[in-house]
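**Student:** My structure is in query-v3.cif, and what it holds is mmCIF, C-alpha atoms:
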data_my_file
#
loop_
_atom_site.label_atom_id
_atom_site.label_comp_id
_atom_site.auth_asym_id
_atom_site.auth_seq_id
_atom_site.Cartn_x
_atom_site.Cartn_y
_atom_site.Cartn_z
CA MET T 427 44.80 35.33 56.18
CA ILE T 428 46.05 35.60 59.75
CA PRO T 429 43.52 34.92 62.53
CA LEU T 430 43.43 37.49 65.30
CA SER T 431 44.39 34.88 67.88
CA TRP T 432 47.88 34.51 66.37
CA PHE T 433 48.70 38.11 67.15
CA LEU T 434 47.23 37.72 70.62
CA LEU T 435 49.32 34.60 71.25
CA LEU T 436 52.49 36.31 70.02
CA SER T 437 51.75 39.22 72.31
CA ALA T 438 51.05 36.88 75.26
CA ALA T 439 54.36 35.07 74.70
CA LEU T 440 56.30 38.33 74.43
CA PHE T 441 54.60 39.63 77.60
CA CYS T 442 55.53 36.49 79.55
CA ILE T 443 59.15 36.61 78.36
CA GLY T 444 59.29 40.21 79.54
CA LEU T 445 57.66 39.25 82.84
CA TYR T 446 60.26 36.54 83.36
CA GLY T 447 63.02 39.06 82.67
CA VAL T 448 61.57 41.51 85.18
CA LEU T 449 61.21 38.88 87.89
CA ALA T 450 64.41 36.91 87.39
CA ARG T 451 67.17 39.36 86.40
CA ARG T 452 69.43 40.95 89.00
CA ASN T 453 70.59 43.97 87.04
CA ALA T 454 68.27 47.01 87.19
CA ILE T 455 68.91 47.84 83.53
CA ALA T 456 67.95 44.30 82.52
CA ILE T 457 64.74 44.70 84.52
CA LEU T 458 63.97 47.87 82.56
CA MET T 459 64.58 45.95 79.33
CA GLY T 460 61.99 43.39 80.46
CA VAL T 461 59.50 46.21 81.09
CA GLU T 462 60.07 47.52 77.56
CA LEU T 463 59.33 44.05 76.14
CA MET T 464 56.07 43.94 78.11
CA LEU T 465 55.03 47.38 76.82
CA ASN T 466 55.73 46.21 73.26
CA ALA T 467 53.50 43.18 73.82
CA VAL T 468 50.68 45.46 74.97
CA ASN T 469 51.10 47.60 71.86
CA ILE T 470 50.87 44.56 69.55
CA ASN T 471 47.55 43.74 71.24
CA LEU T 472 46.23 47.28 70.81
CA ILE T 473 47.16 47.47 67.12
CA ALA T 474 45.77 43.97 66.39
CA PHE T 475 42.42 44.81 67.99
CA TRP T 476 42.37 48.12 66.14
CA ARG T 477 42.95 46.44 62.78
CA TYR T 478 40.40 43.66 63.32
CA PHE T 479 37.55 45.54 65.00
CA THR T 480 37.76 49.30 64.46
CA PRO T 481 39.99 50.03 61.44
CA ASP T 482 37.79 52.98 60.53
CA ARG T 483 38.35 54.74 63.86
CA SER T 484 41.57 56.07 65.30
CA VAL T 485 41.21 55.00 68.94
CA GLY T 486 43.61 52.03 68.73
CA LEU T 487 46.38 54.01 67.06
CA VAL T 488 45.94 56.84 69.55
CA TRP T 489 46.23 54.44 72.49
CA ALA T 490 49.32 52.80 71.04
CA THR T 491 50.92 56.22 70.52
CA PHE T 492 50.28 57.14 74.14
CA VAL T 493 51.83 53.84 75.27
CA LEU T 494 54.87 54.69 73.15
CA THR T 495 55.10 58.16 74.73
CA VAL T 496 54.80 56.89 78.27
CA ALA T 497 57.36 54.14 77.55
CA ALA T 498 59.85 56.73 76.36
CA ALA T 499 59.32 58.88 79.46
CA GLU T 500 59.57 55.81 81.69
CA ALA T 501 62.83 54.69 80.10
CA ALA T 502 64.41 58.12 80.48
CA VAL T 503 63.47 58.50 84.15
CA GLY T 504 64.27 54.86 84.96
CA LEU T 505 67.73 55.02 83.44
CA ALA T 506 68.42 58.35 85.18
CA LEU T 507 67.50 56.63 88.45
CA VAL T 508 69.85 53.74 87.62
CA ILE T 509 72.71 56.17 86.92
CA SER T 510 71.98 58.05 90.15
CA VAL T 511 71.90 54.82 92.18
CA TYR T 512 75.13 53.66 90.55
CA ARG T 513 76.80 56.92 91.59
CA SER T 514 75.84 56.64 95.22
CA ARG T 515 75.93 52.86 95.76
CA ASP T 516 78.42 51.68 93.10
CA SER T 517 75.98 48.95 92.13
CA VAL T 518 73.03 48.41 89.81
CA ILE T 519 72.04 45.04 91.29
CA ALA T 520 68.43 45.35 92.41
CA GLU T 521 68.86 42.98 95.38
CA GLU T 522 71.62 45.06 96.92
CA LEU T 523 69.44 48.18 97.12
CA ASP T 524 67.96 47.29 100.52
CA THR T 525 68.18 50.56 102.47
CA LEU T 526 64.47 50.46 103.24
CA LYS T 527 64.62 46.83 104.40
CA ASN T 528 64.55 46.09 108.19
CA MET A 1319 49.72 32.42 52.64
CA SER A 1320 52.71 34.67 52.13
CA GLN A 1321 51.35 36.85 54.94
CA GLN A 1322 51.41 33.84 57.24
CA ILE A 1323 55.04 33.10 56.35
CA ILE A 1324 55.98 36.72 57.05
CA PHE A 1325 54.10 36.57 60.34
CA PHE A 1326 55.93 33.43 61.44
CA LEU A 1327 59.31 34.88 60.45
CA LEU A 1328 58.62 38.10 62.38
CA ALA A 1329 57.25 36.20 65.37
CA ALA A 1330 60.29 33.90 65.42
CA ILE A 1331 62.69 36.86 65.23
CA THR A 1332 60.82 38.75 67.96
CA LEU A 1333 60.45 35.86 70.38
CA THR A 1334 63.96 34.42 69.90
CA SER A 1335 65.65 37.74 70.47
CA ALA A 1336 63.33 38.46 73.42
CA ILE A 1337 64.46 35.18 75.02
CA VAL A 1338 68.07 36.19 74.34
CA VAL A 1339 67.37 39.53 76.05
CA VAL A 1340 66.23 37.92 79.28
CA THR A 1341 68.82 35.13 79.42
CA MET A 1342 72.04 36.63 78.05
CA ARG A 1343 74.77 37.14 80.64
CA ASN A 1344 76.46 39.96 78.74
CA LEU A 1345 74.14 42.93 79.14
CA PHE A 1346 75.47 44.70 76.05
CA HIS A 1347 74.57 41.73 73.84
CA ALA A 1348 71.18 41.64 75.53
CA ALA A 1349 70.62 45.29 74.56
CA LEU A 1350 71.52 44.51 70.93
CA ALA A 1351 69.05 41.59 70.96
CA LEU A 1352 66.47 43.99 72.39
CA MET A 1353 66.91 46.18 69.29
CA VAL A 1354 66.30 43.13 67.04
CA SER A 1355 63.18 42.34 69.04
CA PHE A 1356 61.88 45.92 68.60
CA LEU A 1357 62.57 45.60 64.88
CA GLY A 1358 60.44 42.44 64.74
CA VAL A 1359 57.61 44.24 66.54
CA ALA A 1360 57.87 47.12 64.04
CA GLY A 1361 57.47 44.53 61.26
CA ILE A 1362 54.34 43.20 63.01
CA TYR A 1363 52.89 46.74 63.04
CA ILE A 1364 53.52 47.09 59.32
CA LEU A 1365 51.92 43.66 58.77
CA LEU A 1366 48.89 44.99 60.65
CA GLU A 1367 48.78 47.94 58.23
CA ALA A 1368 49.80 50.53 60.79
CA PRO A 1369 52.96 51.84 59.06
CA PHE A 1370 53.01 55.05 61.09
CA LEU A 1371 53.28 53.08 64.32
CA GLY A 1372 56.00 50.94 62.75
CA MET A 1373 58.06 53.98 61.88
CA ALA A 1374 57.42 55.52 65.30
CA GLN A 1375 58.61 52.22 66.79
CA LEU A 1376 61.80 52.45 64.72
CA LEU A 1377 62.46 56.03 65.78
CA VAL A 1378 61.43 55.91 69.42
CA TYR A 1379 62.38 52.39 70.47
CA ILE A 1380 65.33 51.49 68.27
CA GLY A 1381 66.58 55.04 67.80
CA ALA A 1382 66.08 56.48 71.27
CA ILE A 1383 65.25 53.96 74.01
CA SER A 1384 67.81 51.35 72.92
CA MET A 1385 70.45 54.07 72.68
CA LEU A 1386 69.58 55.26 76.20
CA ILE A 1387 69.84 51.69 77.49
CA ILE A 1388 73.20 51.16 75.80
CA PHE A 1389 74.48 54.45 77.23
CA ALA A 1390 73.36 53.40 80.70
CA ILE A 1391 75.05 50.01 80.28
CA MET A 1392 78.29 51.68 79.22
CA MET A 1393 78.21 54.12 82.12
CA THR A 1394 77.88 51.21 84.55
CA ARG A 1395 80.19 48.96 82.59
CA ARG A 1396 82.61 48.11 85.34
CA LEU A 1397 79.96 45.82 86.77
CA MET A 1398 79.02 44.29 83.43
CA GLN A 1399 82.17 42.25 83.05
CA THR A 1400 81.25 39.93 85.84
CA ASN A 1401 81.01 36.18 85.68
CA GLU A 1402 78.29 36.02 88.27
CA THR A 1403 74.93 34.60 87.33
CA PRO A 1404 72.62 37.19 85.75
CA PHE A 1405 69.66 35.80 87.71
CA ASN A 1406 68.58 36.30 91.29
CA SER A 1407 67.53 33.64 93.76
CA GLN A 1408 63.91 33.50 92.61
CA VAL A 1409 64.71 32.40 89.06
CA ILE A 1410 62.81 29.07 89.27
CA GLY A 1411 59.79 30.73 90.85
CA SER A 1412 59.71 33.45 88.20
CA LEU A 1413 60.01 30.87 85.42
CA ILE A 1414 57.07 28.89 86.83
CA GLY A 1415 55.11 32.09 87.45
CA SER A 1416 55.53 33.47 83.95
CA LEU A 1417 54.75 30.07 82.41
CA LEU A 1418 51.55 29.98 84.49
CA VAL A 1419 50.60 33.46 83.27
CA LEU A 1420 51.30 32.31 79.71
CA ALA A 1421 49.13 29.22 80.21
CA ILE A 1422 46.24 31.33 81.52
CA LEU A 1423 46.55 33.80 78.66
CA VAL A 1424 46.69 31.00 76.05
CA LEU A 1425 43.64 29.37 77.65
CA VAL A 1426 41.65 32.61 77.60
CA ILE A 1427 42.71 33.54 74.07
CA GLY A 1428 41.93 30.02 72.82
CA ARG A 1429 38.48 30.24 74.40
CA LEU A 1430 37.63 33.71 73.07
CA TYR A 1431 39.41 33.72 69.70
CA PRO A 1432 39.89 30.16 68.37
CA LEU A 1433 43.11 29.42 66.48
CA ALA A 1434 41.25 28.22 63.38
CA PRO A 1435 37.98 30.10 63.72
CA ALA A 1436 34.84 29.06 61.86
CA ASP A 1437 33.67 32.65 61.96
CA ALA A 1438 34.94 34.37 58.83
CA VAL A 1439 35.23 37.70 60.64
CA LEU A 1440 37.99 36.38 62.89
CA GLN A 1441 39.77 34.22 60.31
CA THR A 1442 41.45 37.12 58.60
CA ALA A 1443 41.70 40.85 58.99
CA PRO A 1444 38.46 42.42 57.75
CA GLN A 1445 38.63 43.79 54.26
CA VAL A 1446 38.31 47.55 54.38
CA ASP A 1447 38.54 50.16 51.71
CA PRO A 1448 42.26 50.91 51.16
CA ALA A 1449 41.44 54.62 51.35
CA VAL A 1450 40.22 54.11 54.93
CA LEU A 1451 43.54 52.60 55.95
CA GLN A 1452 45.54 55.19 54.05
CA SER A 1453 43.74 58.02 55.78
CA SER A 1454 44.10 56.42 59.22
CA VAL A 1455 47.15 58.52 60.09
CA ALA A 1456 45.39 61.72 59.03
CA ARG A 1457 42.36 60.73 61.10
CA MET A 1458 44.61 59.98 64.08
CA GLY A 1459 46.31 63.37 63.74
CA ARG A 1460 42.98 65.16 63.60
CA SER A 1461 41.63 63.31 66.62
CA PHE A 1462 44.74 64.27 68.59
CA VAL A 1463 43.90 67.96 68.29
CA SER A 1464 40.11 67.76 68.15
CA ALA A 1465 38.28 69.04 71.20
CA GLU A 1466 35.74 66.18 70.95
CA ALA A 1467 38.46 63.54 70.98
CA TYR A 1468 41.91 63.35 72.55
CA VAL A 1469 43.22 66.88 72.87
CA LEU A 1470 43.38 66.68 76.68
CA PRO A 1471 45.43 63.43 76.80
CA PHE A 1472 47.59 64.84 74.03
CA GLU A 1473 48.44 67.94 76.05
CA LEU A 1474 48.92 65.80 79.16
CA ALA A 1475 51.38 63.66 77.21
CA SER A 1476 53.43 66.74 76.36
CA VAL A 1477 53.42 67.78 80.03
CA LEU A 1478 54.48 64.24 80.95
CA LEU A 1479 57.37 64.33 78.47
CA LEU A 1480 58.50 67.73 79.79
CA ALA A 1481 58.30 66.46 83.37
CA ALA A 1482 60.28 63.34 82.43
CA LEU A 1483 62.90 65.47 80.66
CA VAL A 1484 63.38 67.83 83.61
CA GLY A 1485 63.05 65.02 86.15
CA SER A 1486 65.67 62.78 84.60
CA ILE A 1487 68.13 65.67 84.33
CA ILE A 1488 67.59 66.54 88.01
CA ILE A 1489 67.85 62.90 89.11
CA ALA A 1490 71.05 62.20 87.19
CA TRP A 1491 72.67 65.53 88.15
CA PRO A 1492 75.67 65.01 90.45
CA ARG A 1493 74.95 66.04 94.05
CA ARG A 1494 76.93 68.91 95.51
CA GLY A 1495 80.21 67.61 96.89
CA GLU A 1496 80.16 64.55 94.65
CA GLU A 1497 81.91 66.34 91.80
CA ASP A 1498 85.25 66.14 93.61
CA ASN A 1499 85.47 62.37 93.68
CA GLN A 1500 84.17 61.83 90.14
#
Take the structure from the file and write it as structure tokens.
**Tutor:**
Amino acid sequence: MIPLSWFLLLSAALFCIGLYGVLARRNAIAILMGVELMLNAVNINLIAFWRYFTPDRSVGLVWATFVLTVAAAEAAVGLALVISVYRSRDSVIAEELDTLKN
Amino acid sequence: MSQQIIFFLLAAITLTSAIVVVTMRNLFHAALALMVSFLGVAGIYILLEAPFLGMAQLLVYIGAISMLIIFAIMMTRRLMQTNETPFNSQVIGSLIGSLLVLAILVLVIGRLYPLAPADAVLQTAPQVDPAVLQSSVARMGRSFVSAEAYVLPFELASVLLLAALVGSIIIAWPRRGEEDNQ
């Protein structure tokens, strides 16, 4: 009894909250958390379209699984980068990492 | 009707904790709220009759990614106990920007998929044979290893995971000479 548009609106709201987190937070780990929220929003979209249009095929589930895989890889590499940056710069504030500026 | 109530509960949990994630000053509390948000999304998957994805969400996001994030927060904790603002200088611009994106998305979704559609196909999830949904995981597994379907992306995903594993170890490895002042 749930129209498809409800899931799409939920996913749009979650995506925009994540986008705000990515744009507005200073801490690099908080930015990564915003990216994870955005990836979750994308996955809600994929699963909703799968359920409403092609429940007899596996393409939506397969896509969502790949998004999950890539998100896991991205989180591991991103957090390793954050740790590495923290070691050398003693800071995880994204604004202070300006070696390439000027 | 009960499905709608469950949907609204899950949506409220997900969105509220997502807002907490992006606004909370204490990063550790933000990470805990992120776990709650992932849990709400897992509930949405189960509501959409994709229980395998819901369980994968529990294992991968709540079990692994959140743990990684909390570990990273703890390793950089000295900087977490600050009273500075958690936002950078472009906070107003990003708020306006993301609200604009939300407005565009809502406009497009409202145009394409009306909130109270007259078309019966869009009003509710299409009724399918329960056996079709129950066998969806088996079908997905077969299509992952079938040469006509997704075997190449599947193998690429395993290469990607291996590369990420090796890469993150190399990146986080202490440089030579740094071990002394650790």
**Student:** Starting from the PyMOL selection byres ((chain A) within 7 of (chain T)), expand the selection into actual residues of this file and give them as a PDB file with C-alpha atoms, keeping the file's coordinate frame.
**Tutor:**
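Now in selection_20.pdb:
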ATOM      1  CA  MET A1319      49.720  32.420  52.640  1.00  0.00           C
ATOM      2  CA  GLN A1321      51.350  36.850  54.940  1.00  0.00           C
ATOM      3  CA  GLN A1322      51.410  33.840  57.240  1.00  0.00           C
ATOM      4  CA  ALA A1329      57.250  36.200  65.370  1.00  0.00           C
ATOM      5  CA  LEU A1333      60.450  35.860  70.380  1.00  0.00           C
ATOM      6  CA  ALA A1336      63.330  38.460  73.420  1.00  0.00           C
ATOM      7  CA  ILE A1337      64.460  35.180  75.020  1.00  0.00           C
ATOM      8  CA  VAL A1340      66.230  37.920  79.280  1.00  0.00           C
ATOM      9  CA  LEU A1366      48.890  44.990  60.650  1.00  0.00           C
ATOM     10  CA  ILE A1383      65.250  53.960  74.010  1.00  0.00           C
ATOM     11  CA  ALA A1390      73.360  53.400  80.700  1.00  0.00           C
ATOM     12  CA  PRO A1404      72.620  37.190  85.750  1.00  0.00           C
ATOM     13  CA  PHE A1405      69.660  35.800  87.710  1.00  0.00           C
ATOM     14  CA  ASN A1406      68.580  36.300  91.290  1.00  0.00           C
ATOM     15  CA  GLN A1408      63.910  33.500  92.610  1.00  0.00           C
ATOM     16  CA  VAL A1409      64.710  32.400  89.060  1.00  0.00           C
ATOM     17  CA  SER A1412      59.710  33.450  88.200  1.00  0.00           C
ATOM     18  CA  LEU A1413      60.010  30.870  85.420  1.00  0.00           C
ATOM     19  CA  SER A1416      55.530  33.470  83.950  1.00  0.00           C
ATOM     20  CA  VAL A1419      50.600  33.460  83.270  1.00  0.00           C
ATOM     21  CA  LEU A1420      51.300  32.310  79.710  1.00  0.00           C
ATOM     22  CA  LEU A1423      46.550  33.800  78.660  1.00  0.00           C
ATOM     23  CA  VAL A1424      46.690  31.000  76.050  1.00  0.00           C
ATOM     24  CA  ILE A1427      42.710  33.540  74.070  1.00  0.00           C
ATOM     25  CA  TYR A1431      39.410  33.720  69.700  1.00  0.00           C
ATOM     26  CA  PRO A1432      39.890  30.160  68.370  1.00  0.00           C
ATOM     27  CA  LEU A1433      43.110  29.420  66.480  1.00  0.00           C
ATOM     28  CA  LEU A1440      37.990  36.380  62.890  1.00  0.00           C
ATOM     29  CA  GLN A1441      39.770  34.220  60.310  1.00  0.00           C
ATOM     30  CA  THR A1442      41.450  37.120  58.600  1.00  0.00           C
ATOM     31  CA  ALA A1443      41.700  40.850  58.990  1.00  0.00           C
ATOM     32  CA  PRO A1444      38.460  42.420  57.750  1.00  0.00           C
ATOM     33  CA  VAL A1450      40.220  54.110  54.930  1.00  0.00           C
ATOM     34  CA  SER A1454      44.100  56.420  59.220  1.00  0.00           C
ATOM     35  CA  ARG A1457      42.360  60.730  61.100  1.00  0.00           C
ATOM     36  CA  MET A1458      44.610  59.980  64.080  1.00  0.00           C
ATOM     37  CA  LEU A1479      57.370  64.330  78.470  1.00  0.00           C
ATOM     38  CA  ALA A1482      60.280  63.340  82.430  1.00  0.00           C
ATOM     39  CA  GLY A1485      63.050  65.020  86.150  1.00  0.00           C
ATOM     40  CA  SER A1486      65.670  62.780  84.600  1.00  0.00           C
ATOM     41  CA  ILE A1489      67.850  62.900  89.110  1.00  0.00           C
ATOM     42  CA  ALA A1490      71.050  62.200  87.190  1.00  0.00           C
TER      43      ALA A1490
END
**Student:** Separation of CA of Ala1475 in chain A and CA of Val1463 in chain A, in Å?
**Tutor:**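 Pair CA of Ala1475 in chain A / CA of Val1463 in chain A returns 12.4 Å.
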**Student:** Quick one: pull the distance between CA of Ile1387 in chain A and CA of Leu1328 in chain A, Å, one decimal.
**Tutor:** 23.2 Å
**Student:** Which residue, A:Ser1476, A:Met1393, A:Ala1360, A:Ala1330, has the smallest gap to Ile1380 in chain A when you use all atoms listed in the file?
**Tutor:**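 Checking each candidate against Ile1380 in chain A, we get A:Ala1360 as the closest.
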**Student:** When you draw a straight line from CA of Ala1351 in chain A to CA of Val1339 in chain A, how long is it in Å?
**Tutor:**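 Separating CA of Ala1351 in chain A from CA of Val1339 in chain A is a distance of 5.7 Å.
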**Student:** Running the PyMOL selection byres ((chain A and resi 1372) around 9) on this model by hand, what would come out? Give it as a PDB file with C-alpha atoms, in the coordinates of the input.
**Tutor:**
ATOM      1  CA  LEU A1357      62.570  45.600  64.880  1.00  0.00           C
ATOM      2  CA  VAL A1359      57.610  44.240  66.540  1.00  0.00           C
ATOM      3  CA  ALA A1360      57.870  47.120  64.040  1.00  0.00           C
ATOM      4  CA  GLY A1361      57.470  44.530  61.260  1.00  0.00           C
ATOM      5  CA  ILE A1362      54.340  43.200  63.010  1.00  0.00           C
ATOM      6  CA  TYR A1363      52.890  46.740  63.040  1.00  0.00           C
ATOM      7  CA  ILE A1364      53.520  47.090  59.320  1.00  0.00           C
ATOM      8  CA  ALA A1368      49.800  50.530  60.790  1.00  0.00           C
ATOM      9  CA  PRO A1369      52.960  51.840  59.060  1.00  0.00           C
ATOM     10  CA  PHE A1370      53.010  55.050  61.090  1.00  0.00           C
ATOM     11  CA  LEU A1371      53.280  53.080  64.320  1.00  0.00           C
ATOM     12  CA  MET A1373      58.060  53.980  61.880  1.00  0.00           C
ATOM     13  CA  ALA A1374      57.420  55.520  65.300  1.00  0.00           C
ATOM     14  CA  GLN A1375      58.610  52.220  66.790  1.00  0.00           C
ATOM     15  CA  LEU A1376      61.800  52.450  64.720  1.00  0.00           C
ATOM     16  CA  LEU A1377      62.460  56.030  65.780  1.00  0.00           C
TER      17      LEU A1377
END
